[in-house]
file coords-v2.tsv (TSV, C-alpha atoms)
chain	number	residue	atom	x	y	z
F	810	MET	CA	-21.22	-8.39	-60.07
F	811	LYS	CA	-17.82	-7.04	-60.88
F	812	PRO	CA	-14.79	-9.17	-59.97
F	813	ALA	CA	-13.44	-6.47	-57.64
F	814	ALA	CA	-16.65	-6.41	-55.61
F	815	VAL	CA	-16.60	-10.20	-55.34
F	816	SER	CA	-13.07	-10.13	-53.99
F	817	ARG	CA	-14.05	-7.51	-51.40
F	818	ARG	CA	-16.98	-9.64	-50.17
F	819	ILE	CA	-14.81	-12.74	-49.88
F	820	ALA	CA	-12.25	-10.84	-47.82
F	821	VAL	CA	-14.91	-9.42	-45.50
F	822	ALA	CA	-16.43	-12.91	-44.98
F	823	ALA	CA	-13.03	-14.37	-44.15
F	824	LEU	CA	-12.39	-11.68	-41.58
F	825	ALA	CA	-15.79	-12.31	-40.03
F	826	ILE	CA	-15.12	-16.03	-39.74
F	827	LEU	CA	-11.76	-15.35	-38.07
F	828	ALA	CA	-13.34	-12.93	-35.63
F	829	VAL	CA	-16.05	-15.42	-34.63
F	830	GLY	CA	-13.48	-18.17	-34.18
F	831	TRP	CA	-11.35	-15.90	-31.97
F	832	ALA	CA	-14.38	-14.99	-29.86
F	833	LEU	CA	-15.36	-18.61	-29.39
F	834	ALA	CA	-11.84	-19.48	-28.45
F	835	GLN	CA	-11.89	-16.82	-25.74
F	836	ASP	CA	-15.04	-18.36	-24.24
F	837	GLN	CA	-13.42	-21.82	-23.94
F	838	PRO	CA	-11.56	-22.72	-20.73
F	839	GLN	CA	-7.83	-22.42	-21.27
F	840	PRO	CA	-5.48	-25.13	-20.00
F	841	ALA	CA	-3.54	-24.05	-16.91
F	842	SER	CA	0.09	-23.25	-17.58
F	843	ALA	CA	2.49	-25.90	-16.31
F	844	PRO	CA	4.11	-24.88	-13.01
F	845	ALA	CA	7.77	-23.92	-13.22
F	846	PRO	CA	10.04	-26.57	-11.72
F	847	ALA	CA	11.20	-25.76	-8.21
F	848	ALA	CA	14.66	-24.25	-8.15
F	849	LEU	CA	17.29	-26.61	-6.85
F	850	SER	CA	18.74	-25.00	-3.76
F	851	ASP	CA	20.74	-25.80	-0.69
F	852	ASN	CA	18.45	-23.52	1.27
F	853	LEU	CA	16.44	-26.42	2.66
F	854	PRO	CA	16.15	-27.74	6.21
F	855	THR	CA	19.26	-29.71	7.14
F	856	PRO	CA	18.33	-33.32	7.86
F	857	PRO	CA	19.47	-34.79	11.18
F	858	PRO	CA	22.81	-36.59	11.25
F	859	PRO	CA	22.84	-40.35	10.71
F	860	SER	CA	22.35	-42.57	13.73
F	861	VAL	CA	25.56	-43.91	15.24
F	862	THR	CA	26.09	-47.19	17.05
F	863	GLY	CA	28.29	-46.17	19.94
F	864	THR	CA	28.43	-44.61	23.37
F	865	ALA	CA	29.66	-41.20	22.16
F	866	TRP	CA	30.45	-39.55	18.84
F	867	LEU	CA	31.25	-36.22	17.23
F	868	LEU	CA	31.73	-34.51	13.85
F	869	MET	CA	33.98	-31.42	13.73
F	870	ASP	CA	34.90	-29.00	10.96
F	871	TYR	CA	38.69	-28.82	10.76
F	872	ALA	CA	39.07	-25.21	9.64
F	873	SER	CA	36.77	-23.57	12.17
F	874	GLY	CA	36.90	-26.16	14.94
F	875	GLN	CA	33.12	-26.07	15.20
F	876	VAL	CA	31.23	-29.17	16.30
F	877	LEU	CA	28.68	-29.89	13.57
F	878	ALA	CA	26.95	-32.71	15.43
F	879	GLY	CA	27.57	-35.05	18.31
F	880	GLU	CA	26.30	-36.98	21.28
F	881	ASN	CA	27.99	-37.20	24.69
F	882	ILE	CA	30.89	-35.21	23.24
F	883	ASP	CA	32.34	-34.39	26.68
F	884	GLN	CA	31.72	-37.81	28.20
F	885	ARG	CA	34.79	-39.54	29.62
F	886	VAL	CA	35.80	-42.47	27.41
F	887	GLU	CA	38.74	-44.82	27.13
F	888	PRO	CA	40.70	-43.78	24.03
F	889	ALA	CA	42.35	-47.20	23.50
F	890	SER	CA	44.89	-47.04	20.65
F	891	ILE	CA	43.76	-43.58	19.56
F	892	THR	CA	46.19	-42.68	22.36
F	893	LYS	CA	48.97	-43.31	19.84
F	894	VAL	CA	47.97	-40.14	17.94
F	895	LEU	CA	49.12	-38.14	20.95
F	896	THR	CA	52.25	-40.27	21.15
F	897	SER	CA	52.96	-39.36	17.52
F	898	TYR	CA	52.28	-35.71	18.27
F	899	VAL	CA	54.76	-35.66	21.15
F	900	ILE	CA	57.42	-37.39	19.04
F	901	ALA	CA	56.92	-34.93	16.19
F	902	ALA	CA	57.09	-31.95	18.55
F	903	GLU	CA	60.22	-33.21	20.27
F	904	MET	CA	61.80	-33.89	16.88
F	905	LYS	CA	60.99	-30.37	15.70
F	906	ALA	CA	62.62	-29.06	18.86
F	907	GLY	CA	65.79	-30.96	17.92
F	908	LYS	CA	65.72	-33.29	20.93
F	909	ILE	CA	65.42	-36.45	18.85
F	910	LYS	CA	66.13	-37.34	15.22
F	911	PRO	CA	64.40	-39.56	12.61
F	912	ASP	CA	67.41	-41.86	12.38
F	913	ASP	CA	67.88	-42.30	16.12
F	914	PRO	CA	68.38	-46.01	16.94
F	915	VAL	CA	65.44	-47.00	19.14
F	916	MET	CA	65.84	-50.12	21.24
F	917	MET	CA	62.99	-52.63	21.45
F	918	THR	CA	63.59	-53.26	25.11
F	919	GLU	CA	62.51	-56.38	26.91
F	920	ASN	CA	60.08	-54.23	28.91
F	921	ALA	CA	58.45	-52.92	25.72
F	922	TRP	CA	58.37	-56.40	24.18
F	923	ARG	CA	56.86	-58.05	27.27
F	924	LYS	CA	54.17	-55.37	27.74
F	925	GLY	CA	53.24	-54.92	24.10
F	926	GLY	CA	54.83	-57.60	21.95
F	927	ALA	CA	53.46	-60.62	20.15
F	928	GLY	CA	52.93	-62.53	23.39
F	929	THR	CA	50.24	-60.10	24.54
F	930	ASP	CA	46.62	-59.86	23.48
F	931	GLY	CA	47.12	-56.44	21.88
F	932	SER	CA	48.45	-55.30	18.52
F	933	TYR	CA	52.22	-55.38	18.03
F	934	SER	CA	54.77	-54.16	15.50
F	935	GLY	CA	57.08	-57.18	15.27
F	936	PHE	CA	60.44	-55.46	15.86
F	937	PRO	CA	62.86	-57.99	17.43
F	938	VAL	CA	63.49	-57.70	21.15
F	939	ASN	CA	66.83	-56.25	22.28
F	940	GLN	CA	67.53	-54.87	18.82
F	941	THR	CA	67.31	-51.32	17.49
F	942	ALA	CA	65.47	-49.80	14.57
F	943	PRO	CA	65.49	-46.22	13.24
F	944	LEU	CA	63.03	-44.00	15.08
F	945	LEU	CA	61.10	-43.25	11.90
F	946	GLU	CA	60.63	-46.95	11.16
F	947	MET	CA	59.59	-47.66	14.73
F	948	GLU	CA	57.03	-44.86	14.57
F	949	LYS	CA	55.50	-46.21	11.36
F	950	GLY	CA	55.22	-49.58	13.07
F	951	MET	CA	53.29	-47.89	15.85
F	952	VAL	CA	51.06	-45.82	13.55
F	953	VAL	CA	50.21	-48.33	10.81
F	954	GLN	CA	50.30	-51.58	12.76
F	955	SER	CA	49.17	-49.96	16.02
F	956	GLY	CA	52.10	-51.61	17.73
F	957	ASN	CA	51.92	-51.33	21.50
F	958	ASP	CA	55.50	-52.53	21.75
F	959	ALA	CA	56.68	-49.78	19.41
F	960	ALA	CA	54.75	-47.15	21.41
F	961	ILE	CA	56.48	-48.22	24.64
F	962	ALA	CA	59.90	-48.38	23.02
F	963	LEU	CA	59.48	-44.90	21.57
F	964	ALA	CA	58.30	-43.52	24.90
F	965	GLU	CA	61.37	-44.95	26.64
F	966	HIS	CA	63.66	-43.49	23.98
F	967	VAL	CA	62.13	-40.00	24.09
F	968	ALA	CA	61.71	-39.59	27.85
F	969	GLY	CA	63.63	-42.40	29.55
F	970	SER	CA	60.52	-44.17	30.81
F	971	GLU	CA	56.88	-44.49	29.89
F	972	GLU	CA	55.87	-42.63	33.06
F	973	ALA	CA	58.03	-39.65	32.13
F	974	PHE	CA	56.68	-39.75	28.59
F	975	ALA	CA	53.10	-39.70	29.94
F	976	ALA	CA	53.94	-36.44	31.71
F	977	LEU	CA	54.98	-35.02	28.33
F	978	MET	CA	51.74	-36.29	26.80
F	979	ASN	CA	49.64	-34.49	29.37
F	980	ALA	CA	51.62	-31.27	28.95
F	981	TYR	CA	51.11	-31.31	25.18
F	982	ALA	CA	47.46	-32.28	25.60
F	983	GLN	CA	46.89	-29.15	27.69
F	984	ARG	CA	48.64	-27.04	25.08
F	985	ILE	CA	46.36	-28.47	22.38
F	986	GLY	CA	43.31	-27.63	24.49
F	987	MET	CA	42.39	-31.13	25.64
F	988	LYS	CA	40.90	-29.99	28.94
F	989	ASN	CA	39.21	-33.24	29.99
F	990	SER	CA	41.87	-35.84	29.27
F	991	SER	CA	44.46	-37.75	31.28
F	992	PHE	CA	47.11	-40.11	29.92
F	993	VAL	CA	49.25	-42.56	31.86
F	994	ASN	CA	50.71	-44.65	29.02
F	995	SER	CA	51.78	-44.27	25.39
F	996	HIS	CA	49.75	-47.14	23.88
F	997	GLY	CA	46.19	-46.92	25.24
F	998	LEU	CA	45.67	-50.16	27.14
F	999	SER	CA	43.12	-49.72	29.91
F	1000	GLU	CA	44.13	-47.98	33.14
F	1001	PRO	CA	41.88	-46.13	35.63
F	1002	GLU	CA	43.36	-42.65	35.04
F	1003	HIS	CA	43.75	-43.03	31.30
F	1004	TYR	CA	40.81	-41.28	29.60
F	1005	SER	CA	39.71	-38.62	27.16
F	1006	THR	CA	36.50	-37.30	25.51
F	1007	PRO	CA	35.27	-37.22	21.90
F	1008	ARG	CA	35.76	-33.44	21.79
F	1009	ASP	CA	39.33	-33.70	23.06
F	1010	LEU	CA	40.17	-36.48	20.60
F	1011	ALA	CA	38.82	-34.39	17.71
F	1012	LEU	CA	41.01	-31.49	18.87
F	1013	LEU	CA	43.97	-33.88	18.95
F	1014	GLY	CA	43.30	-35.01	15.39
F	1015	ARG	CA	42.95	-31.40	14.28
F	1016	ALA	CA	46.24	-30.46	15.92
F	1017	MET	CA	48.06	-33.41	14.33
F	1018	VAL	CA	46.89	-32.42	10.84
F	1019	ARG	CA	47.67	-28.74	11.39
F	1020	ASP	CA	50.99	-28.90	13.21
F	1021	PHE	CA	52.71	-31.96	11.76
F	1022	PRO	CA	51.30	-32.81	8.30
F	1023	GLU	CA	54.33	-34.92	7.34
F	1024	GLU	CA	53.99	-37.19	10.35
F	1025	TYR	CA	50.21	-37.20	9.97
F	1026	ALA	CA	50.64	-38.66	6.48
F	1027	TYR	CA	51.90	-41.94	7.99
F	1028	ASN	CA	48.30	-42.64	8.99
F	1029	LYS	CA	47.34	-43.08	5.33
F	1030	LEU	CA	49.74	-46.00	4.78
F	1031	LYS	CA	47.63	-49.10	4.18
F	1032	GLU	CA	50.22	-51.61	5.32
F	1033	TYR	CA	53.68	-51.86	6.80
F	1034	THR	CA	56.28	-54.62	6.88
F	1035	VAL	CA	58.70	-55.43	9.69
F	1036	GLY	CA	61.00	-58.32	8.81
F	1037	PRO	CA	58.81	-61.16	7.54
F	1038	ILE	CA	55.61	-59.66	9.01
F	1039	THR	CA	53.32	-57.45	6.90
F	1040	GLN	CA	50.29	-56.01	8.67
F	1041	ARG	CA	47.41	-53.95	7.29
F	1042	ASN	CA	46.18	-50.65	8.65
F	1043	ARG	CA	43.01	-51.32	10.65
F	1044	ASN	CA	41.28	-48.19	9.36
F	1045	LEU	CA	38.86	-49.70	6.83
F	1046	LEU	CA	37.94	-46.23	5.52
F	1047	LEU	CA	41.28	-46.05	3.72
F	1048	TRP	CA	39.88	-48.66	1.32
F	1049	ARG	CA	36.33	-47.33	1.20
F	1050	ASP	CA	36.84	-43.65	0.43
F	1051	PRO	CA	39.87	-42.01	-1.24
F	1052	SER	CA	39.21	-38.71	0.56
F	1053	VAL	CA	39.95	-40.34	3.93
F	1054	ASP	CA	43.60	-39.98	4.95
F	1055	GLY	CA	43.56	-40.96	8.63
F	1056	ILE	CA	43.57	-41.18	11.50
F	1057	LYS	CA	43.52	-44.03	14.03
F	1058	THR	CA	41.48	-46.97	15.24
F	1059	GLY	CA	41.23	-48.27	18.78
F	1060	HIS	CA	39.81	-51.30	20.53
F	1061	HIS	CA	39.88	-53.18	23.78
F	1062	SER	CA	37.19	-54.67	26.00
F	1063	GLY	CA	36.72	-51.52	28.06
F	1064	ALA	CA	36.65	-49.09	25.13
F	1065	GLY	CA	34.77	-51.07	22.52
F	1066	TYR	CA	35.57	-50.29	18.89
F	1067	CYS	CA	36.67	-46.70	18.29
F	1068	LEU	CA	37.73	-44.62	15.29
F	1069	LEU	CA	39.14	-41.12	14.94
F	1070	ALA	CA	38.83	-40.37	11.21
F	1071	SER	CA	39.47	-37.46	8.90
F	1072	ALA	CA	38.75	-36.76	5.24
F	1073	ARG	CA	39.38	-33.89	2.87
F	1074	ARG	CA	37.20	-33.07	-0.11
F	1075	GLY	CA	38.21	-29.99	-2.06
F	1076	ASP	CA	39.12	-27.28	0.41
F	1077	GLN	CA	37.03	-28.74	3.23
F	1078	ARG	CA	38.27	-31.18	5.87
F	1079	LEU	CA	36.15	-32.87	8.53
F	1080	ILE	CA	37.08	-34.92	11.60
F	1081	SER	CA	34.84	-37.64	13.04
F	1082	VAL	CA	35.04	-39.51	16.33
F	1083	VAL	CA	33.11	-42.71	17.05
F	1084	MET	CA	33.63	-44.31	20.47
F	1085	GLY	CA	32.27	-47.53	21.96
F	1086	SER	CA	31.00	-49.04	18.73
F	1087	THR	CA	30.06	-52.71	18.42
F	1088	GLY	CA	32.48	-53.83	15.74
F	1089	GLU	CA	35.25	-52.97	13.31
F	1090	ALA	CA	32.92	-52.69	10.32
F	1091	GLN	CA	30.27	-50.76	12.27
F	1092	ARG	CA	32.67	-48.05	13.44
F	1093	ALA	CA	33.83	-47.55	9.84
F	1094	THR	CA	30.28	-47.46	8.45
F	1095	ASP	CA	29.12	-44.93	11.02
F	1096	SER	CA	32.20	-42.76	10.58
F	1097	LEU	CA	31.80	-42.61	6.81
F	1098	ALA	CA	28.09	-41.81	7.16
F	1099	LEU	CA	28.96	-38.88	9.45
F	1100	LEU	CA	31.60	-37.59	7.05
F	1101	ASN	CA	29.26	-37.85	4.05
F	1102	TRP	CA	26.51	-36.00	5.93
F	1103	GLY	CA	28.91	-33.27	6.99
F	1104	PHE	CA	30.32	-32.67	3.52
F	1105	ARG	CA	26.90	-32.67	1.88
F	1106	PHE	CA	25.09	-30.33	4.21
F	1107	HIS	CA	27.74	-27.97	5.61
F	1108	GLU	CA	30.18	-25.41	4.33
F	1109	THR	CA	32.83	-23.21	5.90
F	1110	HIS	CA	33.34	-19.51	5.20
F	1111	ARG	CA	36.10	-17.12	6.17
F	1112	LEU	CA	34.33	-14.06	7.52
F	1113	TYR	CA	37.24	-11.90	8.64
F	1114	ASP	CA	40.98	-12.06	8.04
F	1115	ALA	CA	43.45	-11.53	10.85
F	1116	GLY	CA	44.87	-8.03	11.08
F	1117	LYS	CA	42.34	-6.41	8.74
F	1118	ALA	CA	40.03	-3.65	9.90
F	1119	ILE	CA	36.45	-4.62	10.70
F	1120	SER	CA	35.52	-1.33	12.30
F	1121	THR	CA	36.96	2.15	12.82
F	1122	GLN	CA	36.20	3.78	16.18
F	1123	LYS	CA	36.70	7.29	17.55
F	1124	VAL	CA	39.41	7.65	20.22
F	1125	TRP	CA	39.42	10.33	22.89
F	1126	LYS	CA	42.56	11.94	24.32
F	1127	GLY	CA	44.78	10.20	21.80
F	1128	ALA	CA	47.56	11.30	19.47
F	1129	GLU	CA	45.36	9.74	16.77
F	1130	ASN	CA	41.63	10.36	16.58
F	1131	GLU	CA	40.65	6.95	15.20
F	1132	LEU	CA	41.40	3.31	15.94
F	1133	GLN	CA	40.92	0.30	13.69
F	1134	LEU	CA	39.59	-2.87	15.25
F	1135	GLY	CA	39.92	-6.40	13.89
F	1136	VAL	CA	40.50	-10.01	14.94
F	1137	ALA	CA	43.79	-11.56	15.98
F	1138	ALA	CA	43.19	-14.80	14.06
F	1139	PRO	CA	41.03	-15.54	11.00
F	1140	LEU	CA	37.37	-15.90	11.90
F	1141	LEU	CA	35.82	-18.87	10.15
F	1142	VAL	CA	32.33	-20.23	10.58
F	1143	SER	CA	30.77	-23.55	9.59
F	1144	LEU	CA	27.07	-23.56	8.81
F	1145	PRO	CA	24.41	-25.42	6.84
F	1146	ARG	CA	24.72	-24.94	3.09
F	1147	GLY	CA	22.70	-22.07	1.68
F	1148	LYS	CA	22.62	-20.14	4.97
F	1149	TYR	CA	25.56	-17.81	4.40
F	1150	ASP	CA	23.38	-14.86	3.35
F	1151	GLN	CA	21.40	-15.20	6.58
F	1152	LEU	CA	24.34	-14.58	8.88
F	1153	LYS	CA	24.01	-11.46	11.02
F	1154	PRO	CA	27.21	-9.89	12.41
F	1155	SER	CA	27.18	-7.44	15.29
F	1156	MET	CA	29.76	-5.71	17.45
F	1157	ASP	CA	29.89	-4.96	21.15
F	1158	VAL	CA	32.32	-2.05	21.61
F	1159	PRO	CA	32.66	0.33	24.57
F	1160	GLN	CA	30.86	3.61	24.02
F	1161	ALA	CA	33.99	5.69	24.58
F	1162	LEU	CA	37.58	4.62	23.83
F	1163	VAL	CA	40.21	6.60	25.69
F	1164	ALA	CA	43.93	6.57	24.93
F	1165	PRO	CA	46.43	5.17	25.59
F	1166	ILE	CA	45.56	1.92	23.79
F	1167	ALA	CA	48.10	-0.83	23.12
F	1168	LYS	CA	48.31	-2.75	19.88
F	1169	GLY	CA	46.53	-6.08	20.29
F	1170	GLN	CA	44.51	-4.87	23.28
F	1171	ALA	CA	41.10	-6.55	23.46
F	1172	ILE	CA	38.33	-4.02	22.91
F	1173	GLY	CA	34.87	-5.50	22.67
F	1174	LYS	CA	33.66	-8.47	20.66
F	1175	VAL	CA	32.36	-9.36	17.23
F	1176	ARG	CA	29.45	-11.79	17.24
F	1177	VAL	CA	27.85	-13.70	14.35
F	1178	THR	CA	24.37	-15.20	14.65
F	1179	LEU	CA	22.22	-17.45	12.50
F	1180	ASP	CA	18.52	-17.83	13.20
F	1181	GLY	CA	19.01	-16.06	16.51
F	1182	LYS	CA	21.80	-18.40	17.68
F	1183	VAL	CA	25.43	-17.39	18.11
F	1184	VAL	CA	27.61	-19.38	15.69
F	1185	ALA	CA	30.86	-17.47	16.26
F	1186	GLU	CA	32.21	-14.92	18.71
F	1187	ARG	CA	35.70	-13.45	18.91
F	1188	PRO	CA	37.41	-10.59	20.76
F	1189	LEU	CA	38.01	-7.41	18.78
F	1190	VAL	CA	41.57	-6.15	19.17
F	1191	ALA	CA	43.29	-2.86	18.43
F	1192	LEU	CA	45.21	-3.13	15.16
F	1193	GLN	CA	47.57	-0.33	16.11
F	1194	ALA	CA	48.67	1.49	19.23
F	1195	VAL	CA	47.28	4.93	20.06
F	1196	GLU	CA	49.51	6.99	22.31
F	1197	GLU	CA	48.17	9.54	24.73
F	1198	ALA	CA	47.81	13.05	23.31
F	1199	GLY	CA	49.40	16.19	24.71
F	1200	PHE	CA	48.05	18.12	27.66
F	1201	PHE	CA	45.87	20.65	25.80
F	1202	LYS	CA	44.24	18.07	23.51
F	1203	ARG	CA	43.49	15.86	26.49
F	1204	LEU	CA	41.97	18.83	28.31
F	1205	TRP	CA	39.87	19.75	25.29
F	1206	HIS	CA	38.64	16.16	24.84
F	1207	GLU	CA	37.83	16.00	28.54
F	1208	PHE	CA	35.58	19.04	28.07
F	1209	LEU	CA	33.93	17.54	24.93
F	1210	MET	CA	33.30	14.24	26.67
F	1211	TRP	CA	31.65	16.10	29.57
F	1212	TRP	CA	29.61	18.23	27.17
F	1213	ASN	CA	28.38	15.23	25.18
F	1214	ALA	CA	27.61	13.11	28.21
F	1215	ASP	CA	23.98	12.20	28.77
call {"tool": "encode", "arguments": {"input": "coords-v2.tsv", "output": "structure tokens"}}
result
Amino acid sequence: MKPAAVSRRIAVAALAILAVGWALAQDQPQPASAPAPAALSDNLPTPPPPSVTGTAWLLMDYASGQVLAGENIDQRVEPASITKVLTSYVIAAEMKAGKIKPDDPVMMTENAWRKGGAGTDGSYSGFPVNQTAPLLEMEKGMVVQSGNDAAIALAEHVAGSEEAFAALMNAYAQRIGMKNSSFVNSHGLSEPEHYSTPRDLALLGRAMVRDFPEEYAYNKLKEYTVGPITQRNRNLLLWRDPSVDGIKTGHHSGAGYCLLASARRGDQRLISVVMGSTGEAQRATDSLALLNWGFRFHETHRLYDAGKAISTQKVWKGAENELQLGVAAPLLVSLPRGKYDQLKPSMDVPQALVAPIAKGQAIGKVRVTLDGKVVAERPLVALQAVEEAGFFKRLWHEFLMWWNAD
């Protein structure tokens, strides 16, 4: 046999062997392909908030003001020394109005010393009786050391008496939106008509951060010294988490252990309220658990900017034929992470808009829902005025409106 023929036969045999092997391989069961790992996503059910040891509690998003979770949030509670946050707010507001100054000499009166000084069962600042201290120093003694004596002395300086100062407190509380609160003193010791709610206290904390950030920053001081006395801030979260920068603890026999706390992580800030807890450590532990849960599982989005058009509507009988509608203040919404794409906006606008229309006039509403539940609702307002048209245009539009009527 010639060498060329031998080579051809060898090649054909090799191809046959390969073909048989391929066929046999096709008849064998193939191993199942490994499943692709599940994509990591926030779009998972949000777990329930941590359990809280207390009579009432709340977690609020600062930017939107939405309550993310809570229990008995409108229940009347004794605010104890959280009252001093409102005292600080009033002082800051009166200072901004030019009625008092940071270097005002504030007298530690005998009345303030007897009601809230070292001889009482409550917390005190340590400023000497019948001596003055600069208002700013007295306020830090109230904020950091929770000094009842300093709170009374400041109230007397600002308004002449603690009773008059309480009237200011209630006026500012109403302005903030604290609809279910009543204050009769500047320090928070128990009195029958001295009360608030977790929701109102969260609104107070939010207002303090928003309106007076410089004064709010005093709440982050870990200790303060008056004469020979150095006292630590009672807010244990200042040592446990660097994102926590306030706000105020409270405690007496009627209120239990309370904590109004706030933390900022990145661009997000949350406010927690824990009332009627069983101990100093427990209120801190529960507050931090709430804050951690809120930051992990919620996010805030700005849906609409103030003064920017959301919708353009036809206007009848107007000098202009169209009107832009928007919101008067930014519309923000807080929701579980991963749910942003599931938001559904809708508008409720009158079928026919007739001039004249004033700028800022409320015209309908914008509503945002998630899983069939309303998460935000705001009035739509006219972004510009539309004057009434001349006689002939109004007459013509009157005819068109009649013609197009059902």
call {"tool": "closest_residue", "arguments": {"input": "coords-v2.tsv", "among": "F:Glu919, F:Leu1192, F:His1003, F:Ser1081", "to": "F:Ala1115", "atoms": "only C-alpha atoms"}}
result
F:Leu1192
call {"tool": "closest_residue", "arguments": {"input": "coords-v2.tsv", "among": "F:Leu1162, F:Leu998, F:Leu1012, F:Val886", "to": "F:Ser1071", "atoms": "all atoms listed in the file"}}
result
F:Leu1012
call {"tool": "closest_residue", "arguments": {"input": "coords-v2.tsv", "among": "F:Ala1214, F:Glu1186, F:Val1177, F:Glu948", "to": "F:Ala901", "atoms": "only C-alpha atoms"}}
result
F:Glu948
call {"tool": "closest_residue", "arguments": {"input": "coords-v2.tsv", "among": "F:Gly997, F:Gly1055, F:Gly874, F:Gly1014", "to": "F:Val953", "atoms": "all atoms listed in the file"}}
result
F:Gly1055
call {"tool": "closest_residue", "arguments": {"input": "coords-v2.tsv", "among": "F:Arg885, F:Asp912, F:Phe1200, F:Leu1079", "to": "F:Val1018", "atoms": "all atoms listed in the file"}}
result
F:Leu1079
call {"tool": "closest_residue", "arguments": {"input": "coords-v2.tsv", "among": "F:Gly1103, F:Gly1088, F:Pro911, F:Gly926", "to": "F:Leu868", "atoms": "all atoms listed in the file"}}
result
F:Gly1103
call {"tool": "axis_aligned_box", "arguments": {"input": "coords-v2.tsv", "around": "stretch 1106-1123 of chain F", "padding_each_side": "3 Å", "output": "AutoDock Vina command-line options"}}
result
--center_x 35.0 --center_y -11.5 --center_z 10.9 --size_x 25.8 --size_y 43.6 --size_z 19.3
call {"tool": "residues_near_point", "arguments": {"input": "coords-v2.tsv", "point": "(46.2, -0.4, 23.2)", "cutoff": "9 Å", "atoms": "only C-alpha atoms", "output": "list in words"}}
result
Ala1164, Pro1165, Ile1166, Ala1167, Lys1168, Gly1169, Gln1170, Ala1171, Ile1172, Val1190, Ala1191, Leu1192, Gln1193, Ala1194, Val1195 and Glu1196 of chain F
call {"tool": "atom_distance", "arguments": {"input": "coords-v2.tsv", "atom1": "atom CA of F:Glu1023", "atom2": "atom CA of F:Met869"}}
result
21.6 Å
call {"tool": "closest_atom_pairs", "arguments": {"input": "coords-v2.tsv", "of": "stretch 957-1018 of chain F", "to": "stretch 931-941 of chain F", "cutoff": "12 Å", "atoms": "only C-alpha atoms", "output": "JSON lines"}}
result
{"residue": "F:Asn957", "atom": "CA", "partner": "F:Tyr933", "partner_atom": "CA", "distance": 5.3}
{"residue": "F:Asp958", "atom": "CA", "partner": "F:Tyr933", "partner_atom": "CA", "distance": 5.7}
{"residue": "F:Ala959", "atom": "CA", "partner": "F:Ser934", "partner_atom": "CA", "distance": 6.2}
{"residue": "F:Ala960", "atom": "CA", "partner": "F:Ser934", "partner_atom": "CA", "distance": 9.2}
{"residue": "F:Ile961", "atom": "CA", "partner": "F:Tyr933", "partner_atom": "CA", "distance": 10.6}
{"residue": "F:Ala962", "atom": "CA", "partner": "F:Thr941", "partner_atom": "CA", "distance": 9.7}
{"residue": "F:Leu963", "atom": "CA", "partner": "F:Thr941", "partner_atom": "CA", "distance": 10.9}
{"residue": "F:His966", "atom": "CA", "partner": "F:Thr941", "partner_atom": "CA", "distance": 10.8}
{"residue": "F:His996", "atom": "CA", "partner": "F:Ser932", "partner_atom": "CA", "distance": 9.8}
{"residue": "F:Gly997", "atom": "CA", "partner": "F:Gly931", "partner_atom": "CA", "distance": 10.1}
{"residue": "F:Leu998", "atom": "CA", "partner": "F:Gly931", "partner_atom": "CA", "distance": 8.3}
{"residue": "F:Ser999", "atom": "CA", "partner": "F:Gly931", "partner_atom": "CA", "distance": 11.2}
call {"tool": "write_last_selection", "arguments": {"input": "coords-v2.tsv", "atoms": "C-alpha atoms", "output": "PDB file, keeping the file's coordinate frame"}}
result
ATOM      1  CA  ASN F 957      51.920 -51.330  21.500  1.00  0.00           C
ATOM      2  CA  ASP F 958      55.500 -52.530  21.750  1.00  0.00           C
ATOM      3  CA  ALA F 959      56.680 -49.780  19.410  1.00  0.00           C
ATOM      4  CA  ALA F 960      54.750 -47.150  21.410  1.00  0.00           C
ATOM      5  CA  ILE F 961      56.480 -48.220  24.640  1.00  0.00           C
ATOM      6  CA  ALA F 962      59.900 -48.380  23.020  1.00  0.00           C
ATOM      7  CA  LEU F 963      59.480 -44.900  21.570  1.00  0.00           C
ATOM      8  CA  HIS F 966      63.660 -43.490  23.980  1.00  0.00           C
ATOM      9  CA  HIS F 996      49.750 -47.140  23.880  1.00  0.00           C
ATOM     10  CA  GLY F 997      46.190 -46.920  25.240  1.00  0.00           C
ATOM     11  CA  LEU F 998      45.670 -50.160  27.140  1.00  0.00           C
ATOM     12  CA  SER F 999      43.120 -49.720  29.910  1.00  0.00           C
TER      13      SER F 999
END
call {"tool": "atom_distance", "arguments": {"input": "coords-v2.tsv", "atom1": "atom CA of F:Met1017", "atom2": "atom CA of F:Leu895"}}
result
8.2 Å
call {"tool": "residues_near_point", "arguments": {"input": "coords-v2.tsv", "point": "(51.7, -35.6, 15.2)", "cutoff": "12 Å", "atoms": "all atoms listed in the file", "output": "NGL selection string"}}
result
:F and (892-905 or 948-949 or 952 or 978 or 981-982 or 985 or 1013-1028 or 1055-1057)
call {"tool": "atom_distance", "arguments": {"input": "coords-v2.tsv", "atom1": "atom CA of F:Pro1007", "atom2": "atom CA of F:Asn881"}}
result
7.8 Å
call {"tool": "residues_around", "arguments": {"input": "coords-v2.tsv", "residues": "stretch 1062-1069 of chain F", "least_positions_apart": "3", "cutoff": "9 Å", "atoms": "all atoms listed in the file", "output": "NGL selection string"}}
result
:F and (863 or 886-891 or 999 or 1007 or 1010-1011 or 1014 or 1044 or 1055-1059 or 1080-1089 or 1091-1093 or 1096)
